[in-house]
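Q: Dropping in final20.txt, which is compact mmCIF, N, CA, C and O atoms:
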```txt
# COMPACT_ATOMS: atom_id res chain seq x y z
N MET A 221 0.78 17.76 -40.67
CA MET A 221 2.01 17.32 -40.07
C MET A 221 1.96 17.63 -38.57
O MET A 221 1.66 18.74 -38.16
N LYS A 222 2.26 16.61 -37.77
CA LYS A 222 2.19 16.77 -36.33
C LYS A 222 3.51 17.31 -35.80
O LYS A 222 4.58 16.80 -36.11
N LYS A 223 3.39 18.32 -35.01
CA LYS A 223 4.57 18.92 -34.42
C LYS A 223 4.87 18.23 -33.09
O LYS A 223 4.00 18.08 -32.25
N ASN A 224 6.10 17.78 -32.92
CA ASN A 224 6.49 17.19 -31.64
C ASN A 224 6.68 18.30 -30.62
O ASN A 224 7.44 19.23 -30.84
N SER A 225 5.96 18.17 -29.54
CA SER A 225 6.10 19.19 -28.51
C SER A 225 6.37 18.50 -27.18
O SER A 225 5.81 17.46 -26.87
N PHE A 226 7.23 19.10 -26.43
CA PHE A 226 7.58 18.59 -25.12
C PHE A 226 7.21 19.63 -24.08
O PHE A 226 7.36 20.83 -24.31
N MET A 227 6.77 19.12 -22.96
CA MET A 227 6.42 20.03 -21.88
C MET A 227 7.31 19.70 -20.69
O MET A 227 7.25 18.61 -20.14
N PHE A 228 8.15 20.62 -20.34
CA PHE A 228 9.04 20.43 -19.21
C PHE A 228 8.40 21.01 -17.97
O PHE A 228 7.78 22.07 -18.00
N THR A 229 8.57 20.33 -16.87
CA THR A 229 7.98 20.77 -15.62
C THR A 229 8.94 20.49 -14.48
O THR A 229 9.83 19.67 -14.60
N ASN A 230 8.73 21.17 -13.39
CA ASN A 230 9.56 20.93 -12.22
C ASN A 230 8.81 20.16 -11.15
O ASN A 230 9.21 20.14 -10.00
N LYS A 231 7.72 19.51 -11.54
CA LYS A 231 6.96 18.70 -10.59
C LYS A 231 7.77 17.48 -10.18
O LYS A 231 8.54 16.94 -10.96
N GLU A 232 7.55 17.06 -8.96
CA GLU A 232 8.19 15.87 -8.44
C GLU A 232 7.13 14.98 -7.80
O GLU A 232 6.04 15.42 -7.49
N HIS A 233 7.50 13.72 -7.57
CA HIS A 233 6.63 12.84 -6.81
C HIS A 233 6.78 13.16 -5.34
O HIS A 233 7.86 13.50 -4.86
N THR A 234 5.70 13.02 -4.59
CA THR A 234 5.75 13.33 -3.17
C THR A 234 6.47 12.20 -2.43
O THR A 234 6.28 11.02 -2.73
N LEU A 235 7.29 12.57 -1.48
CA LEU A 235 8.01 11.57 -0.70
C LEU A 235 7.07 10.76 0.19
O LEU A 235 7.27 9.56 0.37
N LYS A 236 6.03 11.40 0.70
CA LYS A 236 5.05 10.69 1.51
C LYS A 236 4.27 9.68 0.66
O LYS A 236 3.95 8.59 1.12
N GLY A 237 3.99 10.04 -0.60
CA GLY A 237 3.32 9.11 -1.50
C GLY A 237 4.19 7.91 -1.83
O GLY A 237 3.71 6.78 -1.89
N ILE A 238 5.48 8.15 -2.02
CA ILE A 238 6.40 7.04 -2.28
C ILE A 238 6.49 6.14 -1.05
O ILE A 238 6.48 4.91 -1.16
N MET A 239 6.55 6.73 0.14
CA MET A 239 6.61 5.94 1.36
C MET A 239 5.32 5.16 1.57
O MET A 239 5.35 4.01 2.01
N ALA A 240 4.18 5.75 1.23
CA ALA A 240 2.91 5.04 1.34
C ALA A 240 2.89 3.83 0.40
O ALA A 240 2.41 2.75 0.77
N THR A 241 3.44 3.99 -0.80
CA THR A 241 3.51 2.88 -1.74
C THR A 241 4.45 1.79 -1.24
O THR A 241 4.14 0.60 -1.34
N ILE A 242 5.58 2.19 -0.68
CA ILE A 242 6.53 1.20 -0.14
C ILE A 242 5.88 0.42 1.01
O ILE A 242 5.99 -0.81 1.08
N LEU A 243 5.20 1.12 1.90
CA LEU A 243 4.51 0.44 2.99
C LEU A 243 3.42 -0.50 2.47
O LEU A 243 3.22 -1.59 3.00
N GLY A 244 2.72 -0.08 1.41
CA GLY A 244 1.70 -0.93 0.82
C GLY A 244 2.28 -2.19 0.20
O GLY A 244 1.73 -3.28 0.36
N VAL A 245 3.41 -2.06 -0.47
CA VAL A 245 4.06 -3.22 -1.09
C VAL A 245 4.57 -4.17 -0.01
O VAL A 245 4.39 -5.40 -0.11
N ILE A 246 5.19 -3.63 1.04
CA ILE A 246 5.68 -4.47 2.13
C ILE A 246 4.52 -5.18 2.81
O ILE A 246 4.58 -6.40 3.07
N SER A 247 3.45 -4.46 3.08
CA SER A 247 2.29 -5.06 3.75
C SER A 247 1.63 -6.12 2.89
O SER A 247 1.31 -7.21 3.38
N LEU A 248 1.44 -5.81 1.63
CA LEU A 248 0.78 -6.76 0.74
C LEU A 248 1.61 -8.02 0.53
O LEU A 248 1.09 -9.13 0.54
N SER A 249 2.91 -7.86 0.37
CA SER A 249 3.76 -9.03 0.18
C SER A 249 3.86 -9.86 1.45
O SER A 249 3.84 -11.10 1.40
N SER A 250 3.94 -9.22 2.61
CA SER A 250 3.98 -9.96 3.88
C SER A 250 2.68 -10.71 4.11
O SER A 250 2.69 -11.88 4.51
N LEU A 251 1.58 -10.05 3.87
CA LEU A 251 0.28 -10.69 4.05
C LEU A 251 0.10 -11.83 3.05
O LEU A 251 -0.41 -12.90 3.41
N GLY A 252 0.51 -11.61 1.82
CA GLY A 252 0.44 -12.68 0.82
C GLY A 252 1.27 -13.88 1.22
O GLY A 252 0.85 -15.03 1.05
N TYR A 253 2.45 -13.64 1.78
CA TYR A 253 3.32 -14.74 2.20
C TYR A 253 2.69 -15.55 3.32
O TYR A 253 2.67 -16.78 3.28
N ILE A 254 2.16 -14.86 4.34
CA ILE A 254 1.60 -15.62 5.45
C ILE A 254 0.32 -16.34 5.05
O ILE A 254 0.02 -17.42 5.58
N ILE A 255 -0.43 -15.80 4.11
CA ILE A 255 -1.62 -16.49 3.63
C ILE A 255 -1.23 -17.74 2.85
O ILE A 255 -1.79 -18.82 3.07
N MET A 256 -0.25 -17.62 1.96
CA MET A 256 0.18 -18.78 1.17
C MET A 256 0.81 -19.85 2.06
O MET A 256 0.56 -21.05 1.88
N ASP A 257 1.61 -19.44 3.02
CA ASP A 257 2.25 -20.41 3.91
C ASP A 257 1.23 -21.07 4.83
O ASP A 257 1.33 -22.27 5.11
N SER A 258 0.26 -20.31 5.28
CA SER A 258 -0.80 -20.88 6.11
C SER A 258 -1.63 -21.89 5.32
O SER A 258 -2.01 -22.94 5.84
N TYR A 259 -1.87 -21.59 4.06
CA TYR A 259 -2.61 -22.53 3.20
C TYR A 259 -1.79 -23.79 2.97
O TYR A 259 -2.32 -24.91 3.01
N ALA A 260 -0.49 -23.63 2.75
CA ALA A 260 0.38 -24.78 2.49
C ALA A 260 0.51 -25.68 3.72
O ALA A 260 0.63 -26.89 3.60
N LYS A 261 0.47 -25.09 4.91
CA LYS A 261 0.61 -25.85 6.15
C LYS A 261 -0.74 -26.23 6.75
O LYS A 261 -0.80 -26.68 7.90
N ALA A 262 -1.81 -26.04 6.02
CA ALA A 262 -3.17 -26.38 6.43
C ALA A 262 -3.57 -25.71 7.74
O ALA A 262 -4.25 -26.30 8.58
N GLY A 263 -3.13 -24.47 7.94
CA GLY A 263 -3.54 -23.71 9.10
C GLY A 263 -2.68 -23.90 10.33
O GLY A 263 -2.89 -23.25 11.34
N LYS A 264 -1.72 -24.80 10.29
CA LYS A 264 -0.85 -25.03 11.44
C LYS A 264 0.40 -24.16 11.31
O LYS A 264 1.45 -24.61 10.87
N VAL A 265 0.25 -22.91 11.72
CA VAL A 265 1.33 -21.93 11.58
C VAL A 265 1.73 -21.40 12.96
O VAL A 265 0.96 -21.49 13.90
N PRO A 266 2.92 -20.86 13.08
CA PRO A 266 3.34 -20.30 14.37
C PRO A 266 2.55 -19.04 14.72
O PRO A 266 1.94 -18.40 13.86
N GLN A 267 2.58 -18.70 16.00
CA GLN A 267 1.85 -17.53 16.47
C GLN A 267 2.42 -16.23 15.94
O GLN A 267 1.74 -15.21 15.93
N GLN A 268 3.66 -16.25 15.50
CA GLN A 268 4.29 -15.04 14.99
C GLN A 268 3.57 -14.51 13.75
O GLN A 268 3.68 -13.34 13.42
N TYR A 269 2.84 -15.36 13.05
CA TYR A 269 2.10 -14.90 11.87
C TYR A 269 1.00 -13.92 12.26
O TYR A 269 0.65 -13.04 11.50
N GLY A 270 0.44 -14.11 13.46
CA GLY A 270 -0.54 -13.14 13.96
C GLY A 270 0.09 -11.78 14.19
O GLY A 270 -0.51 -10.75 13.90
N ALA A 271 1.33 -11.79 14.69
CA ALA A 271 2.04 -10.53 14.89
C ALA A 271 2.36 -9.87 13.56
O ALA A 271 2.28 -8.64 13.43
N VAL A 272 2.69 -10.67 12.56
CA VAL A 272 2.95 -10.12 11.23
C VAL A 272 1.69 -9.49 10.66
O VAL A 272 1.73 -8.40 10.09
N ALA A 273 0.56 -10.16 10.84
CA ALA A 273 -0.71 -9.60 10.36
C ALA A 273 -1.04 -8.29 11.08
O ALA A 273 -1.52 -7.34 10.47
N PHE A 274 -0.76 -8.24 12.38
CA PHE A 274 -1.00 -7.01 13.14
C PHE A 274 -0.09 -5.88 12.64
O PHE A 274 -0.53 -4.74 12.49
N LEU A 275 1.17 -6.19 12.38
CA LEU A 275 2.09 -5.18 11.86
C LEU A 275 1.69 -4.70 10.46
O LEU A 275 1.82 -3.52 10.15
N THR A 276 1.19 -5.61 9.63
CA THR A 276 0.73 -5.18 8.31
C THR A 276 -0.47 -4.25 8.43
O THR A 276 -0.62 -3.32 7.64
N MET A 277 -1.30 -4.48 9.44
CA MET A 277 -2.44 -3.59 9.66
C MET A 277 -1.95 -2.20 10.07
O MET A 277 -2.44 -1.18 9.58
N ILE A 278 -0.96 -2.15 10.95
CA ILE A 278 -0.40 -0.86 11.37
C ILE A 278 0.25 -0.17 10.17
O ILE A 278 0.07 1.03 9.95
N PHE A 279 1.02 -0.92 9.38
CA PHE A 279 1.65 -0.36 8.18
C PHE A 279 0.59 0.17 7.21
O PHE A 279 0.77 1.22 6.59
N ALA A 280 -0.51 -0.57 7.07
CA ALA A 280 -1.56 -0.15 6.13
C ALA A 280 -2.22 1.14 6.58
O ALA A 280 -2.45 2.04 5.77
N PHE A 281 -2.53 1.24 7.87
CA PHE A 281 -3.11 2.49 8.37
C PHE A 281 -2.14 3.66 8.19
O PHE A 281 -2.54 4.75 7.77
N THR A 282 -0.87 3.42 8.49
CA THR A 282 0.14 4.46 8.32
C THR A 282 0.26 4.85 6.85
O THR A 282 0.38 6.03 6.51
N GLY A 283 0.24 3.86 5.95
CA GLY A 283 0.33 4.13 4.52
C GLY A 283 -0.85 4.94 4.00
O GLY A 283 -0.68 5.83 3.17
N ILE A 284 -2.04 4.65 4.51
CA ILE A 284 -3.22 5.41 4.08
C ILE A 284 -3.10 6.86 4.55
O ILE A 284 -3.36 7.79 3.78
N VAL A 285 -2.67 7.05 5.78
CA VAL A 285 -2.51 8.41 6.30
C VAL A 285 -1.45 9.16 5.49
O VAL A 285 -1.66 10.33 5.10
N LEU A 286 -0.32 8.52 5.20
CA LEU A 286 0.72 9.17 4.40
C LEU A 286 0.23 9.49 2.99
O LEU A 286 0.54 10.55 2.44
N GLY A 287 -0.53 8.57 2.40
CA GLY A 287 -1.06 8.80 1.06
C GLY A 287 -2.02 9.97 1.01
O GLY A 287 -1.97 10.80 0.10
N VAL A 288 -2.88 10.08 2.00
CA VAL A 288 -3.82 11.19 2.05
C VAL A 288 -3.09 12.50 2.33
O VAL A 288 -3.40 13.54 1.72
N MET A 289 -2.10 12.46 3.22
CA MET A 289 -1.33 13.67 3.50
C MET A 289 -0.55 14.14 2.27
O MET A 289 -0.44 15.33 2.01
N SER A 290 -0.01 13.19 1.51
CA SER A 290 0.76 13.57 0.33
C SER A 290 -0.14 14.12 -0.77
O SER A 290 0.32 14.88 -1.62
N LYS A 291 -1.40 13.75 -0.75
CA LYS A 291 -2.34 14.26 -1.75
C LYS A 291 -2.59 15.75 -1.56
O LYS A 291 -2.98 16.44 -2.50
N SER A 292 -2.34 16.26 -0.37
CA SER A 292 -2.59 17.68 -0.12
C SER A 292 -1.44 18.58 -0.59
O SER A 292 -1.58 19.80 -0.57
N ASP A 293 -0.30 18.00 -0.98
CA ASP A 293 0.81 18.80 -1.49
C ASP A 293 0.42 19.39 -2.84
O ASP A 293 -0.22 18.75 -3.66
N ARG A 294 0.87 20.61 -3.09
CA ARG A 294 0.52 21.29 -4.35
C ARG A 294 1.64 21.11 -5.37
O ARG A 294 2.80 20.99 -5.02
N ASP A 295 1.26 21.12 -6.62
CA ASP A 295 2.19 21.05 -7.76
C ASP A 295 3.12 19.84 -7.67
O ASP A 295 4.33 19.94 -7.81
N LYS A 296 2.54 18.69 -7.43
CA LYS A 296 3.29 17.44 -7.36
C LYS A 296 2.58 16.40 -8.23
O LYS A 296 1.43 16.55 -8.60
N PHE A 297 3.30 15.34 -8.54
CA PHE A 297 2.67 14.19 -9.18
C PHE A 297 2.05 13.33 -8.08
O PHE A 297 2.65 13.12 -7.03
N TYR A 298 0.86 12.79 -8.34
CA TYR A 298 0.13 12.06 -7.31
C TYR A 298 0.00 10.57 -7.60
O TYR A 298 -0.78 9.89 -6.95
N PHE A 299 0.77 10.04 -8.55
CA PHE A 299 0.65 8.63 -8.89
C PHE A 299 0.94 7.74 -7.69
O PHE A 299 0.18 6.83 -7.37
N PHE A 300 2.05 7.99 -7.00
CA PHE A 300 2.41 7.16 -5.86
C PHE A 300 1.47 7.37 -4.68
O PHE A 300 1.27 6.46 -3.87
N SER A 301 0.89 8.54 -4.58
CA SER A 301 -0.10 8.78 -3.52
C SER A 301 -1.31 7.88 -3.73
O SER A 301 -1.75 7.20 -2.80
N TYR A 302 -1.83 7.88 -4.95
CA TYR A 302 -2.99 7.03 -5.25
C TYR A 302 -2.64 5.55 -5.15
O TYR A 302 -3.41 4.76 -4.61
N LEU A 303 -1.47 5.17 -5.65
CA LEU A 303 -1.06 3.77 -5.61
C LEU A 303 -0.90 3.30 -4.17
O LEU A 303 -1.32 2.20 -3.82
N GLY A 304 -0.29 4.13 -3.33
CA GLY A 304 -0.13 3.77 -1.93
C GLY A 304 -1.46 3.61 -1.22
O GLY A 304 -1.64 2.68 -0.44
N ILE A 305 -2.39 4.51 -1.49
CA ILE A 305 -3.71 4.42 -0.87
C ILE A 305 -4.41 3.14 -1.30
O ILE A 305 -4.97 2.41 -0.48
N VAL A 306 -4.36 2.82 -2.59
CA VAL A 306 -5.04 1.63 -3.11
C VAL A 306 -4.42 0.36 -2.52
O VAL A 306 -5.13 -0.55 -2.07
N LEU A 307 -3.09 0.27 -2.50
CA LEU A 307 -2.44 -0.93 -1.96
C LEU A 307 -2.76 -1.12 -0.49
O LEU A 307 -3.05 -2.24 -0.04
N ASN A 308 -2.74 -0.05 0.28
CA ASN A 308 -3.01 -0.17 1.71
C ASN A 308 -4.47 -0.47 2.00
O ASN A 308 -4.78 -1.19 2.94
N VAL A 309 -5.38 0.03 1.19
CA VAL A 309 -6.78 -0.32 1.35
C VAL A 309 -6.99 -1.80 1.00
O VAL A 309 -7.78 -2.49 1.67
N LEU A 310 -6.27 -2.31 0.00
CA LEU A 310 -6.35 -3.74 -0.32
C LEU A 310 -5.89 -4.60 0.85
O LEU A 310 -6.48 -5.64 1.14
N VAL A 311 -4.83 -4.17 1.51
CA VAL A 311 -4.33 -4.91 2.67
C VAL A 311 -5.38 -4.93 3.78
O VAL A 311 -5.67 -5.98 4.37
N LEU A 312 -5.97 -3.78 4.06
CA LEU A 312 -7.00 -3.73 5.10
C LEU A 312 -8.22 -4.54 4.73
O LEU A 312 -8.84 -5.18 5.59
N ALA A 313 -8.58 -4.54 3.46
CA ALA A 313 -9.72 -5.35 3.01
C ALA A 313 -9.42 -6.85 3.18
O ALA A 313 -10.28 -7.61 3.65
N ALA A 314 -8.22 -7.26 2.82
CA ALA A 314 -7.84 -8.67 2.97
C ALA A 314 -7.82 -9.07 4.44
O ALA A 314 -8.31 -10.16 4.81
N LEU A 315 -7.28 -8.23 5.30
CA LEU A 315 -7.28 -8.52 6.73
C LEU A 315 -8.70 -8.58 7.29
O LEU A 315 -9.01 -9.42 8.14
N SER A 316 -9.56 -7.72 6.80
CA SER A 316 -10.96 -7.74 7.25
C SER A 316 -11.65 -9.03 6.86
O SER A 316 -12.40 -9.62 7.66
N VAL A 317 -11.40 -9.49 5.66
CA VAL A 317 -11.98 -10.76 5.21
C VAL A 317 -11.45 -11.91 6.04
O VAL A 317 -12.22 -12.81 6.45
N ILE A 318 -10.16 -11.90 6.33
CA ILE A 318 -9.58 -12.98 7.15
C ILE A 318 -10.18 -12.99 8.55
O ILE A 318 -10.55 -14.04 9.08
N LEU A 319 -10.28 -11.80 9.16
CA LEU A 319 -10.84 -11.73 10.50
C LEU A 319 -12.32 -12.11 10.52
O LEU A 319 -12.80 -12.78 11.43
N TYR A 320 -13.06 -11.70 9.49
CA TYR A 320 -14.48 -12.06 9.40
C TYR A 320 -14.65 -13.57 9.23
O TYR A 320 -15.49 -14.19 9.89
N ALA A 321 -13.82 -14.15 8.37
CA ALA A 321 -13.91 -15.60 8.14
C ALA A 321 -13.50 -16.36 9.39
O ALA A 321 -14.08 -17.42 9.70
N GLY A 322 -12.53 -15.85 10.13
CA GLY A 322 -12.12 -16.53 11.36
C GLY A 322 -13.15 -16.42 12.46
O GLY A 322 -13.29 -17.33 13.29
N ALA A 323 -13.89 -15.35 12.49
CA ALA A 323 -14.88 -15.16 13.55
C ALA A 323 -16.17 -15.94 13.29
O ALA A 323 -16.82 -16.39 14.23
N TYR A 324 -16.53 -16.10 12.02
CA TYR A 324 -17.81 -16.72 11.70
C TYR A 324 -17.71 -18.03 10.95
O TYR A 324 -18.70 -18.54 10.44
N ALA A 325 -16.52 -18.61 10.88
CA ALA A 325 -16.38 -19.89 10.17
C ALA A 325 -16.45 -21.06 11.11
O ALA A 325 -16.28 -21.02 12.26
```
Translate the structure described by the file into structure tokens.

A:
Amino acid sequence: MKKNSFMFTNKEHTLKGIMATILGVISLSSLGYIIMDSYAKAGKVPQQYGAVAFLTMIFAFTGIVLGVMSKSDRDKFYFFSYLGIVLNVLVLAALSVILYAGAYA
């Protein structure tokens, strides 16, 4: 017979990890929108999309730094720290591919 056991803890999610995840979601959704809109308009997009891409890059770098900083907190849950780091690295990878394709296409 299996005994139901519960483990109570006072661990919390790190605020920096949550902020890193929020920045990653904002960056990824913004980048996804400008990519889809650019594809729909066959590349004829306003110059403001370049500014949006630049801001997503800044957000991604900030999110990675926040995610790494939140990983150093002790006795916390690190789910949002890892998620924020992964999302922001995906944004930087997508921007790198776009810049590489634009430079050599």

Q: Measuring between only N, CA, C and O atoms, which one of A:Leu312, A:Phe300, A:Ile238, A:Lys231 shows the shortest distance to Phe281 (chain A)?

A: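 Checking each candidate against Phe281 (chain A), we get A:Leu312 as the closest.
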
Q: Fewer than 5 positions away in the same chain doesn't count, so skip those; otherwise give me all residues within 12 Å of Ser258 (chain A), counting only C-alpha atoms, as a ChimeraX atom specification.

A: /A:251-253,263-270,318

Q: Pull N, CA, C and O atoms from the residues just selected and write them as a compact mmCIF listing (two decimals), keeping the file's coordinate frame.

A:
```txt
# COMPACT_ATOMS: atom_id res chain seq x y z
N LEU A 251 1.58 -10.05 3.87
CA LEU A 251 0.28 -10.69 4.05
C LEU A 251 0.10 -11.83 3.05
O LEU A 251 -0.41 -12.90 3.41
N GLY A 252 0.51 -11.61 1.82
CA GLY A 252 0.44 -12.68 0.82
C GLY A 252 1.27 -13.88 1.22
O GLY A 252 0.85 -15.03 1.05
N TYR A 253 2.45 -13.64 1.78
CA TYR A 253 3.32 -14.74 2.20
C TYR A 253 2.69 -15.55 3.32
O TYR A 253 2.67 -16.78 3.28
N GLY A 263 -3.13 -24.47 7.94
CA GLY A 263 -3.54 -23.71 9.10
C GLY A 263 -2.68 -23.90 10.33
O GLY A 263 -2.89 -23.25 11.34
N LYS A 264 -1.72 -24.80 10.29
CA LYS A 264 -0.85 -25.03 11.44
C LYS A 264 0.40 -24.16 11.31
O LYS A 264 1.45 -24.61 10.87
N VAL A 265 0.25 -22.91 11.72
CA VAL A 265 1.33 -21.93 11.58
C VAL A 265 1.73 -21.40 12.96
O VAL A 265 0.96 -21.49 13.90
N PRO A 266 2.92 -20.86 13.08
CA PRO A 266 3.34 -20.30 14.37
C PRO A 266 2.55 -19.04 14.72
O PRO A 266 1.94 -18.40 13.86
N GLN A 267 2.58 -18.70 16.00
CA GLN A 267 1.85 -17.53 16.47
C GLN A 267 2.42 -16.23 15.94
O GLN A 267 1.74 -15.21 15.93
N GLN A 268 3.66 -16.25 15.50
CA GLN A 268 4.29 -15.04 14.99
C GLN A 268 3.57 -14.51 13.75
O GLN A 268 3.68 -13.34 13.42
N TYR A 269 2.84 -15.36 13.05
CA TYR A 269 2.10 -14.90 11.87
C TYR A 269 1.00 -13.92 12.26
O TYR A 269 0.65 -13.04 11.50
N GLY A 270 0.44 -14.11 13.46
CA GLY A 270 -0.54 -13.14 13.96
C GLY A 270 0.09 -11.78 14.19
O GLY A 270 -0.51 -10.75 13.90
N ILE A 318 -10.16 -11.90 6.33
CA ILE A 318 -9.58 -12.98 7.15
C ILE A 318 -10.18 -12.99 8.55
O ILE A 318 -10.55 -14.04 9.08
```

Q: Could you check which of A:Ser316, A:Asn308, A:Ser301, A:Thr282 is closest to Thr234 (chain A), using only N, CA, C and O atoms?

A: A:Ser301

Q: Using all atoms listed in the file, collect all residues at a distance of at most 5 Å from (0.0, 8.6, -1.2) as written in the file, then present them as a VMD selection string.

A: chain A and resid 236 to 237 286 to 288 300 to 302 304 to 305

Q: Record the distance separating atom O of Leu303 (chain A) and atom N of Val317 (chain A), expressed in Å with one decimal.

A: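 That distance, rounded to one decimal, is 18.1 Å.
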
Q: Would you mind reading off the distance between atom C of Gly283 (chain A) and CA of Gly244 (chain A), one decimal, in Å?

A: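 Distance between the two atoms: 7.1 Å.
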
Q: A:Met227, A:Val285, A:Leu248, A:Leu235: which is nearest Leu307 (chain A), counting all atoms listed in the file?

A: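 Checking each candidate against Leu307 (chain A), we get A:Leu248 as the closest.
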
Q: Smallest atom-to-atom distance to Leu315 (chain A): which of A:Ile284, A:Ala240, A:Ala262, A:Met277, using only C-alpha atoms?

A: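 Under the stated criterion, the closest residue is A:Met277.
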
Q: Which of chain A end up as helix (DSSP H, G or I) when DSSP is run on this backbone - answer as a VMD selection string?

A: chain A and resid 235 to 260 268 to 291 299 to 324

Q: Could you tell me how far atom C of Glu232 (chain A) lies from atom O of Met289 (chain A), in Å and to one decimal?

A: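 Computing the Euclidean distance for atom C of Glu232 (chain A) and atom O of Met289 (chain A) yields 12.4 Å.
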
Q: List the neighbours of His233 (chain A) out to 10 Å using only C-alpha atoms; skip same-chain residues closer than 5 positions along the sequence, and give me the result as a list of chain:residue names.

A: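 Listed by chain and then number, they are A:Ile238, A:Ser290, A:Asp293, A:Asp295, A:Lys296, A:Phe297, A:Tyr298, A:Phe299, A:Phe300, A:Ser301.
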
Q: Return the single residue from A:Ala321, A:Lys291, A:Ala280, A:Leu310 that is closest to Leu243 (chain A), with distances computed using only N, CA, C and O atoms.

A: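 Once distances to Leu243 (chain A) are computed over only N, CA, C and O atoms, the minimum belongs to A:Ala280.
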